[in-house]
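Student: Sharing work.json here; it has JSON, N, CA and C atoms and all ligand atoms.
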[["chain", "number", "residue", "atom", "x", "y", "z"],
["A", 298, "MET", "N", -0.34, -6.49, 5.81],
["A", 298, "MET", "CA", -0.68, -5.19, 5.23],
["A", 298, "MET", "C", 0.07, -5.03, 3.90],
["A", 299, "ASN", "N", -0.62, -4.60, 2.87],
["A", 299, "ASN", "CA", 0.05, -4.43, 1.58],
["A", 299, "ASN", "C", 0.68, -3.04, 1.45],
["A", 300, "ALA", "N", 1.39, -2.83, 0.34],
["A", 300, "ALA", "CA", 2.14, -1.58, 0.16],
["A", 300, "ALA", "C", 1.21, -0.36, 0.17],
["A", 301, "THR", "N", 0.04, -0.51, -0.43],
["A", 301, "THR", "CA", -0.90, 0.61, -0.48],
["A", 301, "THR", "C", -1.39, 0.97, 0.92],
["A", 302, "GLN", "N", -1.73, -0.04, 1.69],
["A", 302, "GLN", "CA", -2.21, 0.21, 3.05],
["A", 302, "GLN", "C", -1.11, 0.86, 3.90],
["A", 303, "ARG", "N", 0.12, 0.41, 3.66],
["A", 303, "ARG", "CA", 1.27, 0.96, 4.37],
["A", 303, "ARG", "C", 1.42, 2.46, 4.04],
["A", 304, "ARG", "N", 1.29, 2.77, 2.74],
["A", 304, "ARG", "CA", 1.43, 4.17, 2.32],
["A", 304, "ARG", "C", 0.29, 5.02, 2.90],
["A", 305, "ARG", "N", -0.91, 4.44, 2.92],
["A", 305, "ARG", "CA", -2.04, 5.17, 3.46],
["A", 305, "ARG", "C", -1.86, 5.44, 4.95],
["A", 306, "THR", "N", -1.28, 4.49, 5.65],
["A", 306, "THR", "CA", -1.03, 4.68, 7.08],
["A", 306, "THR", "C", 0.01, 5.78, 7.28],
["A", 307, "GLN", "N", 0.99, 5.83, 6.38],
["A", 307, "GLN", "CA", 2.01, 6.89, 6.47],
["A", 307, "GLN", "C", 1.40, 8.27, 6.24],
["A", 308, "ASN", "N", 0.39, 8.36, 5.34],
["A", 308, "ASN", "CA", -0.29, 9.64, 5.11],
["A", 308, "ASN", "C", -0.85, 10.19, 6.42],
["A", 309, "GLU", "N", -1.41, 9.31, 7.20],
["A", 309, "GLU", "CA", -2.00, 9.74, 8.47],
["A", 309, "GLU", "C", -0.92, 10.25, 9.40],
["A", 310, "THR", "N", 0.20, 9.57, 9.42],
["A", 310, "THR", "CA", 1.29, 9.99, 10.30],
["A", 310, "THR", "C", 1.81, 11.37, 9.88],
["A", 311, "MET", "N", 1.87, 11.63, 8.57],
["A", 311, "MET", "CA", 2.31, 12.95, 8.09],
["A", 311, "MET", "C", 1.36, 14.05, 8.58],
["A", 312, "SER", "N", 0.06, 13.79, 8.49],
["A", 312, "SER", "CA", -0.91, 14.78, 8.97],
["A", 312, "SER", "C", -0.74, 15.01, 10.46],
["A", 313, "ARG", "N", -0.45, 13.93, 11.17],
["A", 313, "ARG", "CA", -0.29, 14.05, 12.62],
["A", 313, "ARG", "C", 0.91, 14.93, 12.96],
["A", 314, "ILE", "N", 1.99, 14.80, 12.21],
["A", 314, "ILE", "CA", 3.18, 15.62, 12.47],
["A", 314, "ILE", "C", 2.84, 17.10, 12.27],
["A", 315, "ALA", "N", 2.07, 17.40, 11.19],
["A", 315, "ALA", "CA", 1.65, 18.78, 10.95],
["A", 315, "ALA", "C", 0.75, 19.27, 12.09],
["A", 316, "ASN", "N", -0.14, 18.41, 12.54],
["A", 316, "ASN", "CA", -1.06, 18.80, 13.61],
["A", 316, "ASN", "C", -0.36, 19.03, 14.95],
["A", 317, "GLU", "N", 0.71, 18.30, 15.17],
["A", 317, "GLU", "CA", 1.51, 18.51, 16.37],
["A", 317, "GLU", "C", 1.97, 19.96, 16.44],
["A", 318, "ALA", "N", 2.43, 20.46, 15.28],
["A", 318, "ALA", "CA", 2.92, 21.83, 15.21],
["A", 318, "ALA", "C", 1.78, 22.81, 15.47],
["A", 319, "ILE", "N", 0.60, 22.52, 14.91],
["A", 319, "ILE", "CA", -0.56, 23.39, 15.13],
["A", 319, "ILE", "C", -0.90, 23.40, 16.62],
["A", 320, "GLU", "N", -0.92, 22.23, 17.20],
["A", 320, "GLU", "CA", -1.28, 22.11, 18.61],
["A", 320, "GLU", "C", -0.31, 22.89, 19.50],
["A", 321, "GLU", "N", 0.97, 22.86, 19.13],
["A", 321, "GLU", "CA", 1.97, 23.58, 19.93],
["A", 321, "GLU", "C", 1.85, 25.09, 19.80],
["A", 322, "GLN", "N", 1.51, 25.54, 18.57],
["A", 322, "GLN", "CA", 1.39, 26.98, 18.33],
["A", 322, "GLN", "C", 0.19, 27.58, 19.04],
["A", 323, "GLU", "N", -0.90, 26.81, 19.02],
["A", 323, "GLU", "CA", -2.15, 27.35, 19.53],
["A", 323, "GLU", "C", -2.18, 27.23, 21.05],
["A", 324, "SER", "N", -2.34, 28.37, 21.69],
["A", 324, "SER", "CA", -2.61, 28.28, 23.12],
["A", 324, "SER", "C", -3.80, 29.16, 23.45],
["A", 325, "PRO", "N", -4.93, 28.90, 22.79],
["A", 325, "PRO", "CA", -6.11, 29.73, 23.01],
["A", 325, "PRO", "C", -6.71, 29.42, 24.39],
["A", 326, "GLY", "N", -7.63, 30.25, 24.79],
["A", 326, "GLY", "CA", -8.30, 30.00, 26.06],
["A", 326, "GLY", "C", -9.08, 28.70, 26.02],
["A", 327, "GLU", "N", -9.42, 28.22, 27.16],
["A", 327, "GLU", "CA", -10.21, 27.00, 27.28],
["A", 327, "GLU", "C", -11.47, 27.09, 26.41],
["A", 328, "GLY", "N", -11.70, 26.08, 25.60],
["A", 328, "GLY", "CA", -12.94, 26.05, 24.82],
["A", 328, "GLY", "C", -12.85, 26.63, 23.43],
["A", 329, "SER", "N", -11.77, 27.38, 23.08],
["A", 329, "SER", "CA", -11.72, 27.90, 21.72],
["A", 329, "SER", "C", -11.01, 26.90, 20.80],
["A", 330, "THR", "N", -11.45, 26.86, 19.56],
["A", 330, "THR", "CA", -10.98, 25.82, 18.66],
["A", 330, "THR", "C", -9.85, 26.30, 17.74],
["A", 331, "ALA", "N", -9.11, 25.36, 17.19],
["A", 331, "ALA", "CA", -8.10, 25.60, 16.18],
["A", 331, "ALA", "C", -8.42, 24.68, 15.00],
["A", 332, "ALA", "N", -7.85, 24.98, 13.83],
["A", 332, "ALA", "CA", -8.10, 24.15, 12.65],
["A", 332, "ALA", "C", -6.99, 23.11, 12.51],
["A", 333, "PHE", "N", -7.36, 21.85, 12.64],
["A", 333, "PHE", "CA", -6.41, 20.75, 12.48],
["A", 333, "PHE", "C", -6.67, 20.07, 11.15],
["A", 334, "LEU", "N", -5.62, 19.46, 10.58],
["A", 334, "LEU", "CA", -5.77, 18.73, 9.33],
["A", 334, "LEU", "C", -6.48, 17.40, 9.58],
["A", 335, "CYS", "N", -7.32, 17.03, 8.61],
["A", 335, "CYS", "CA", -7.93, 15.71, 8.64],
["A", 335, "CYS", "C", -6.80, 14.68, 8.56],
["A", 336, "GLU", "N", -6.82, 13.71, 9.48],
["A", 336, "GLU", "CA", -5.74, 12.72, 9.53],
["A", 336, "GLU", "C", -6.12, 11.41, 8.82],
["A", 337, "CYS", "N", -6.86, 11.54, 7.72],
["A", 337, "CYS", "CA", -7.29, 10.33, 7.02],
["A", 337, "CYS", "C", -6.19, 9.81, 6.11],
["A", 338, "THR", "N", -6.46, 8.69, 5.46],
["A", 338, "THR", "CA", -5.45, 8.01, 4.64],
["A", 338, "THR", "C", -5.37, 8.54, 3.21],
["A", 339, "ARG", "N", -6.26, 9.50, 2.84],
["A", 339, "ARG", "CA", -6.26, 10.00, 1.47],
["A", 339, "ARG", "C", -5.10, 10.97, 1.25],
["A", 340, "PRO", "N", -4.23, 10.69, 0.28],
["A", 340, "PRO", "CA", -3.05, 11.54, 0.09],
["A", 340, "PRO", "C", -3.40, 12.98, -0.27],
["A", 341, "ASP", "N", -4.54, 13.19, -0.92],
["A", 341, "ASP", "CA", -4.88, 14.53, -1.40],
["A", 341, "ASP", "C", -5.87, 15.25, -0.49],
["A", 342, "CYS", "N", -6.15, 14.70, 0.67],
["A", 342, "CYS", "CA", -7.13, 15.33, 1.54],
["A", 342, "CYS", "C", -6.52, 16.53, 2.25],
["A", 343, "GLU", "N", -7.18, 17.69, 2.10],
["A", 343, "GLU", "CA", -6.70, 18.90, 2.78],
["A", 343, "GLU", "C", -7.81, 19.49, 3.63],
["A", 344, "ARG", "N", -8.76, 18.68, 4.00],
["A", 344, "ARG", "CA", -9.87, 19.17, 4.80],
["A", 344, "ARG", "C", -9.38, 19.54, 6.20],
["A", 345, "LEU", "N", -10.04, 20.51, 6.80],
["A", 345, "LEU", "CA", -9.68, 20.93, 8.14],
["A", 345, "LEU", "C", -10.78, 20.54, 9.12],
["A", 346, "ILE", "N", -10.38, 20.34, 10.34],
["A", 346, "ILE", "CA", -11.33, 19.98, 11.39],
["A", 346, "ILE", "C", -11.14, 20.97, 12.54],
["A", 347, "GLU", "N", -12.25, 21.56, 12.97],
["A", 347, "GLU", "CA", -12.19, 22.50, 14.09],
["A", 347, "GLU", "C", -12.37, 21.76, 15.40],
["A", 348, "LEU", "N", -11.37, 21.80, 16.23],
["A", 348, "LEU", "CA", -11.54, 21.28, 17.58],
["A", 348, "LEU", "C", -10.58, 22.00, 18.51],
["A", 349, "THR", "N", -10.78, 21.86, 19.78],
["A", 349, "THR", "CA", -9.90, 22.55, 20.71],
["A", 349, "THR", "C", -8.60, 21.75, 20.85],
["A", 350, "PRO", "N", -7.49, 22.45, 21.11],
["A", 350, "PRO", "CA", -6.22, 21.73, 21.33],
["A", 350, "PRO", "C", -6.34, 20.72, 22.47],
["A", 351, "GLN", "N", -7.20, 21.03, 23.45],
["A", 351, "GLN", "CA", -7.41, 20.08, 24.55],
["A", 351, "GLN", "C", -8.01, 18.78, 24.02],
["A", 352, "GLU", "N", -9.02, 18.90, 23.13],
["A", 352, "GLU", "CA", -9.64, 17.70, 22.55],
["A", 352, "GLU", "C", -8.62, 16.93, 21.72],
["A", 353, "TYR", "N", -7.83, 17.68, 20.95],
["A", 353, "TYR", "CA", -6.84, 17.02, 20.10],
["A", 353, "TYR", "C", -5.86, 16.22, 20.95],
["A", 354, "ARG", "N", -5.40, 16.84, 22.03],
["A", 354, "ARG", "CA", -4.45, 16.15, 22.92],
["A", 354, "ARG", "C", -5.06, 14.89, 23.51],
["A", 355, "ARG", "N", -6.35, 14.93, 23.79],
["A", 355, "ARG", "CA", -7.03, 13.77, 24.37],
["A", 355, "ARG", "C", -7.00, 12.58, 23.40],
["A", 356, "VAL", "N", -7.24, 12.87, 22.11],
["A", 356, "VAL", "CA", -7.21, 11.81, 21.10],
["A", 356, "VAL", "C", -5.78, 11.32, 20.93],
["A", 357, "ARG", "N", -4.89, 12.28, 20.85],
["A", 357, "ARG", "CA", -3.48, 12.07, 20.58],
["A", 357, "ARG", "C", -2.78, 11.28, 21.68],
["A", 358, "ALA", "N", -3.36, 11.26, 22.87],
["A", 358, "ALA", "CA", -2.77, 10.55, 23.99],
["A", 358, "ALA", "C", -2.62, 9.06, 23.67],
["A", 359, "ASN", "N", -3.45, 8.56, 22.79],
["A", 359, "ASN", "CA", -3.33, 7.18, 22.33],
["A", 359, "ASN", "C", -2.73, 7.19, 20.93],
["A", 360, "PRO", "N", -1.50, 6.68, 20.76],
["A", 360, "PRO", "CA", -0.82, 6.79, 19.45],
["A", 360, "PRO", "C", -1.56, 6.10, 18.31],
["A", 361, "ARG", "N", -2.48, 5.20, 18.62],
["A", 361, "ARG", "CA", -3.22, 4.49, 17.57],
["A", 361, "ARG", "C", -4.47, 5.26, 17.12],
["A", 362, "ARG", "N", -4.78, 6.36, 17.81],
["A", 362, "ARG", "CA", -6.01, 7.09, 17.48],
["A", 362, "ARG", "C", -5.73, 8.33, 16.64],
["A", 363, "PHE", "N", -6.64, 8.58, 15.69],
["A", 363, "PHE", "CA", -6.52, 9.70, 14.77],
["A", 363, "PHE", "C", -7.87, 10.40, 14.64],
["A", 364, "ILE", "N", -7.84, 11.67, 14.23],
["A", 364, "ILE", "CA", -9.09, 12.37, 13.95],
["A", 364, "ILE", "C", -9.26, 12.50, 12.44],
["A", 365, "VAL", "N", -10.45, 12.20, 11.96],
["A", 365, "VAL", "CA", -10.76, 12.34, 10.53],
["A", 365, "VAL", "C", -12.13, 12.99, 10.37],
["A", 366, "ARG", "N", -12.38, 13.56, 9.18],
["A", 366, "ARG", "CA", -13.69, 14.11, 8.87],
["A", 366, "ARG", "C", -14.69, 12.96, 8.81],
["A", 367, "PRO", "N", -15.94, 13.22, 9.18],
["A", 367, "PRO", "CA", -16.95, 12.16, 9.01],
["A", 367, "PRO", "C", -16.97, 11.68, 7.55],
["A", 368, "GLY", "N", -16.92, 10.40, 7.34],
["A", 368, "GLY", "CA", -16.90, 9.83, 5.98],
["A", 368, "GLY", "C", -15.49, 9.52, 5.48],
["A", 369, "HIS", "N", -14.46, 9.97, 6.22],
["A", 369, "HIS", "CA", -13.07, 9.72, 5.80],
["A", 369, "HIS", "C", -12.45, 8.53, 6.53],
["A", 370, "GLU", "N", -13.27, 7.74, 7.19],
["A", 370, "GLU", "CA", -12.74, 6.56, 7.88],
["A", 370, "GLU", "C", -12.30, 5.52, 6.86],
["A", 371, "SER", "N", -11.32, 4.67, 7.23],
["A", 371, "SER", "CA", -10.91, 3.55, 6.39],
["A", 371, "SER", "C", -11.26, 2.26, 7.13],
["A", 372, "GLY", "N", -12.34, 1.65, 6.73],
["A", 372, "GLY", "CA", -12.85, 0.46, 7.41],
["A", 372, "GLY", "C", -11.88, -0.71, 7.44],
["A", 373, "ASP", "N", -10.97, -0.77, 6.46],
["A", 373, "ASP", "CA", -10.04, -1.89, 6.43],
["A", 373, "ASP", "C", -8.84, -1.71, 7.35],
["A", 374, "LEU", "N", -8.61, -0.49, 7.83],
["A", 374, "LEU", "CA", -7.42, -0.24, 8.64],
["A", 374, "LEU", "C", -7.74, 0.22, 10.06],
["A", 375, "GLU", "N", -8.96, 0.69, 10.27],
["A", 375, "GLU", "CA", -9.26, 1.31, 11.56],
["A", 375, "GLU", "C", -10.72, 1.12, 11.95],
["A", 376, "GLU", "N", -11.00, 1.29, 13.23],
["A", 376, "GLU", "CA", -12.39, 1.23, 13.66],
["A", 376, "GLU", "C", -12.78, 2.55, 14.32],
["A", 377, "VAL", "N", -14.07, 2.88, 14.22],
["A", 377, "VAL", "CA", -14.56, 4.14, 14.77],
["A", 377, "VAL", "C", -14.74, 4.00, 16.28],
["A", 378, "ILE", "N", -14.13, 4.92, 17.00],
["A", 378, "ILE", "CA", -14.22, 4.91, 18.47],
["A", 378, "ILE", "C", -15.32, 5.86, 18.92],
["A", 379, "GLU", "N", -15.37, 7.03, 18.27],
["A", 379, "GLU", "CA", -16.31, 8.05, 18.69],
["A", 379, "GLU", "C", -16.68, 8.89, 17.47],
["A", 380, "ALA", "N", -17.97, 9.05, 17.20],
["A", 380, "ALA", "CA", -18.41, 9.87, 16.06],
["A", 380, "ALA", "C", -19.04, 11.15, 16.58],
["A", 381, "ARG", "N", -18.48, 12.29, 16.19],
["A", 381, "ARG", "CA", -19.02, 13.61, 16.54],
["A", 381, "ARG", "C", -19.55, 14.24, 15.27],
["A", 382, "SER", "N", -20.19, 15.40, 15.38],
["A", 382, "SER", "CA", -20.70, 16.04, 14.17],
["A", 382, "SER", "C", -19.55, 16.58, 13.31],
["A", 383, "ALA", "N", -18.48, 17.09, 13.94],
["A", 383, "ALA", "CA", -17.40, 17.71, 13.18],
["A", 383, "ALA", "C", -16.28, 16.73, 12.81],
["A", 384, "TYR", "N", -16.13, 15.66, 13.58],
["A", 384, "TYR", "CA", -15.02, 14.73, 13.33],
["A", 384, "TYR", "C", -15.32, 13.35, 13.91],
["A", 385, "VAL", "N", -14.51, 12.39, 13.48],
["A", 385, "VAL", "CA", -14.64, 11.02, 13.95],
["A", 385, "VAL", "C", -13.30, 10.61, 14.52],
["A", 386, "ILE", "N", -13.31, 9.96, 15.68],
["A", 386, "ILE", "CA", -12.07, 9.43, 16.24],
["A", 386, "ILE", "C", -11.97, 7.96, 15.82],
["A", 387, "VAL", "N", -10.85, 7.62, 15.15],
["A", 387, "VAL", "CA", -10.66, 6.24, 14.71],
["A", 387, "VAL", "C", -9.44, 5.65, 15.40],
["A", 388, "GLU", "N", -9.45, 4.34, 15.53],
["A", 388, "GLU", "CA", -8.30, 3.65, 16.12],
["A", 388, "GLU", "C", -7.79, 2.61, 15.13],
["A", 389, "LYS", "N", -6.48, 2.68, 14.86],
["A", 389, "LYS", "CA", -5.85, 1.76, 13.91],
["A", 389, "LYS", "C", -5.84, 0.35, 14.48],
["A", 390, "LEU", "N", -6.08, -0.61, 13.59],
["A", 390, "LEU", "CA", -6.14, -2.00, 14.00],
["A", 390, "LEU", "C", -4.88, -2.73, 13.57],
["A", 391, "GLY", "N", -4.56, -3.80, 14.28],
["A", 391, "GLY", "CA", -3.51, -4.74, 13.88],
["A", 391, "GLY", "C", -2.21, -4.09, 13.49],
["A", 392, "GLU", "N", -1.76, -4.46, 12.28],
["A", 392, "GLU", "CA", -0.47, -4.00, 11.79],
["A", 392, "GLU", "C", -0.42, -2.48, 11.61],
["A", 393, "ALA", "N", -1.54, -1.92, 11.13],
["A", 393, "ALA", "CA", -1.62, -0.47, 10.95],
["A", 393, "ALA", "C", -1.47, 0.24, 12.30],
["A", 394, "GLY", "N", -2.03, -0.36, 13.34],
["A", 394, "GLY", "CA", -1.91, 0.20, 14.69],
["A", 394, "GLY", "C", -0.48, 0.17, 15.18],
["A", 395, "ALA", "N", 0.18, -0.96, 14.94],
["A", 395, "ALA", "CA", 1.57, -1.11, 15.37],
["A", 395, "ALA", "C", 2.46, -0.11, 14.64],
["A", 396, "MET", "N", 2.16, 0.11, 13.35],
["A", 396, "MET", "CA", 2.94, 1.03, 12.53],
["A", 396, "MET", "C", 2.72, 2.47, 13.03],
["A", 397, "ALA", "N", 1.48, 2.82, 13.31],
["A", 397, "ALA", "CA", 1.18, 4.17, 13.80],
["A", 397, "ALA", "C", 1.91, 4.42, 15.12],
["A", 398, "GLU", "N", 1.95, 3.39, 15.94],
["A", 398, "GLU", "CA", 2.60, 3.52, 17.24],
["A", 398, "GLU", "C", 4.11, 3.69, 17.07],
["A", 399, "ALA", "N", 4.69, 2.90, 16.16],
["A", 399, "ALA", "CA", 6.13, 2.96, 15.92],
["A", 399, "ALA", "C", 6.55, 4.30, 15.35],
["A", 400, "GLU", "N", 5.67, 4.93, 14.54],
["A", 400, "GLU", "CA", 6.02, 6.18, 13.89],
["A", 400, "GLU", "C", 5.51, 7.39, 14.65],
["A", 401, "ASP", "N", 4.94, 7.16, 15.79],
["A", 401, "ASP", "CA", 4.38, 8.24, 16.57],
["A", 401, "ASP", "C", 5.45, 9.27, 16.91],
["A", 402, "PRO", "N", 5.26, 10.53, 16.48],
["A", 402, "PRO", "CA", 6.28, 11.54, 16.84],
["A", 402, "PRO", "C", 6.21, 11.84, 18.33],
["A", 403, "PRO", "N", 7.32, 12.19, 18.92],
["A", 403, "PRO", "CA", 7.29, 12.48, 20.36],
["A", 403, "PRO", "C", 6.32, 13.61, 20.67],
["A", 404, "ALA", "N", 5.54, 13.44, 21.70],
["A", 404, "ALA", "CA", 4.52, 14.45, 22.05],
["A", 404, "ALA", "C", 5.16, 15.66, 22.70],
["B", 1, "ZN", "ZN", -9.63, 13.35, 5.07]]
Take the structure I supplied and represent it as structure tokens, if you would.

Tutor:
Amino acid sequence: MNATQRRRTQNETMSRIANEAIEEQESPGEGSTAAFLCECTRPDCERLIELTPQEYRRVRANPRRFIVRPGHESGDLEEVIEARSAYVIVEKLGEAGAMAEAEDPPA
């Protein structure tokens, strides 16, 4: 993995840390959504994704998986696991996966 890919993987981890806080704050009833940050590799991406904290936790249960807006996937670093209308679940591959796992903040 080169320096740019490394930095891009770190961007995702930063978004995840912010989303952890959102997930902890939100305790809405079953089925209501909260706005989470897009966890893509773009440093300037501030797009939001509406999903329930329950859904977020389900993705988050695997440290290599991230949620991104449709079209924000990085084909060189991750593969698409599940495509929904509002978001895409991606899983980091190889070195990027190991890095995401190592930097995974405690749940
Ligand atoms: Zn994005």

Student: Could the residues of chain A that have an atom at most 8 Å from ligand ZN 1 (chain B) be listed as a Markdown table, each with its closest atom pair and the distance in Å to one decimal, counting only C-alpha atoms and all ligand atoms and ordered by chain and ascending residue number?

Tutor:
| residue | atom | partner | partner_atom | distance |
| --- | --- | --- | --- | --- |
| A:Leu334 | CA | B:ZN1 | ZN | 7.9 |
| A:Cys335 | CA | B:ZN1 | ZN | 4.6 |
| A:Glu336 | CA | B:ZN1 | ZN | 6.0 |
| A:Cys337 | CA | B:ZN1 | ZN | 4.3 |
| A:Thr338 | CA | B:ZN1 | ZN | 6.8 |
| A:Arg339 | CA | B:ZN1 | ZN | 6.0 |
| A:Cys342 | CA | B:ZN1 | ZN | 4.8 |
| A:Glu343 | CA | B:ZN1 | ZN | 6.7 |
| A:Arg344 | CA | B:ZN1 | ZN | 5.8 |
| A:Val365 | CA | B:ZN1 | ZN | 5.7 |
| A:Arg366 | CA | B:ZN1 | ZN | 5.6 |
| A:His369 | CA | B:ZN1 | ZN | 5.1 |
| A:Glu370 | CA | B:ZN1 | ZN | 8.0 |

Student: Got a sec: who's within 8 Å of Leu348 (chain A), counting all atoms listed in the file, leaving out chain neighbours fewer than 3 positions off, as JSON, numbers by chain?

Tutor: {"A": [328, 329, 330, 331, 332, 333, 345, 351, 352, 353, 383]}

Student: Name the residues of region 360-400 of chain A that come out as helix (DSSP H, G or I) in a backbone DSSP run; write them as a ChimeraX atom specification.

Tutor: /A:391-399

Student: Could you tell me how far atom N of Ser382 (chain A) lies from CA of Ser312 (chain A), in Å and to one decimal?

Tutor: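 Answer for the atom N of Ser382 (chain A) to CA of Ser312 (chain A) separation: 20.3 Å.
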
Student: Between atom N of Gln307 (chain A) and atom C of Arg381 (chain A), what distance in Å does the model show, to one decimal?

Tutor: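 It comes out at 23.9 Å.
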
Student: So which one's closest to Glu375 (chain A), A:Pro350, A:Phe363, A:Leu390, A:Ala399? Using only N, CA and C atoms, please.

Tutor: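 So, comparing all the options, the nearest one is A:Leu390.
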
Student: Can you measure CA of Arg354 (chain A) to CA of Glu317 (chain A) for me? One decimal in Å is fine.

Tutor: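 Between CA of Arg354 (chain A) and CA of Glu317 (chain A) the gap is 9.2 Å.
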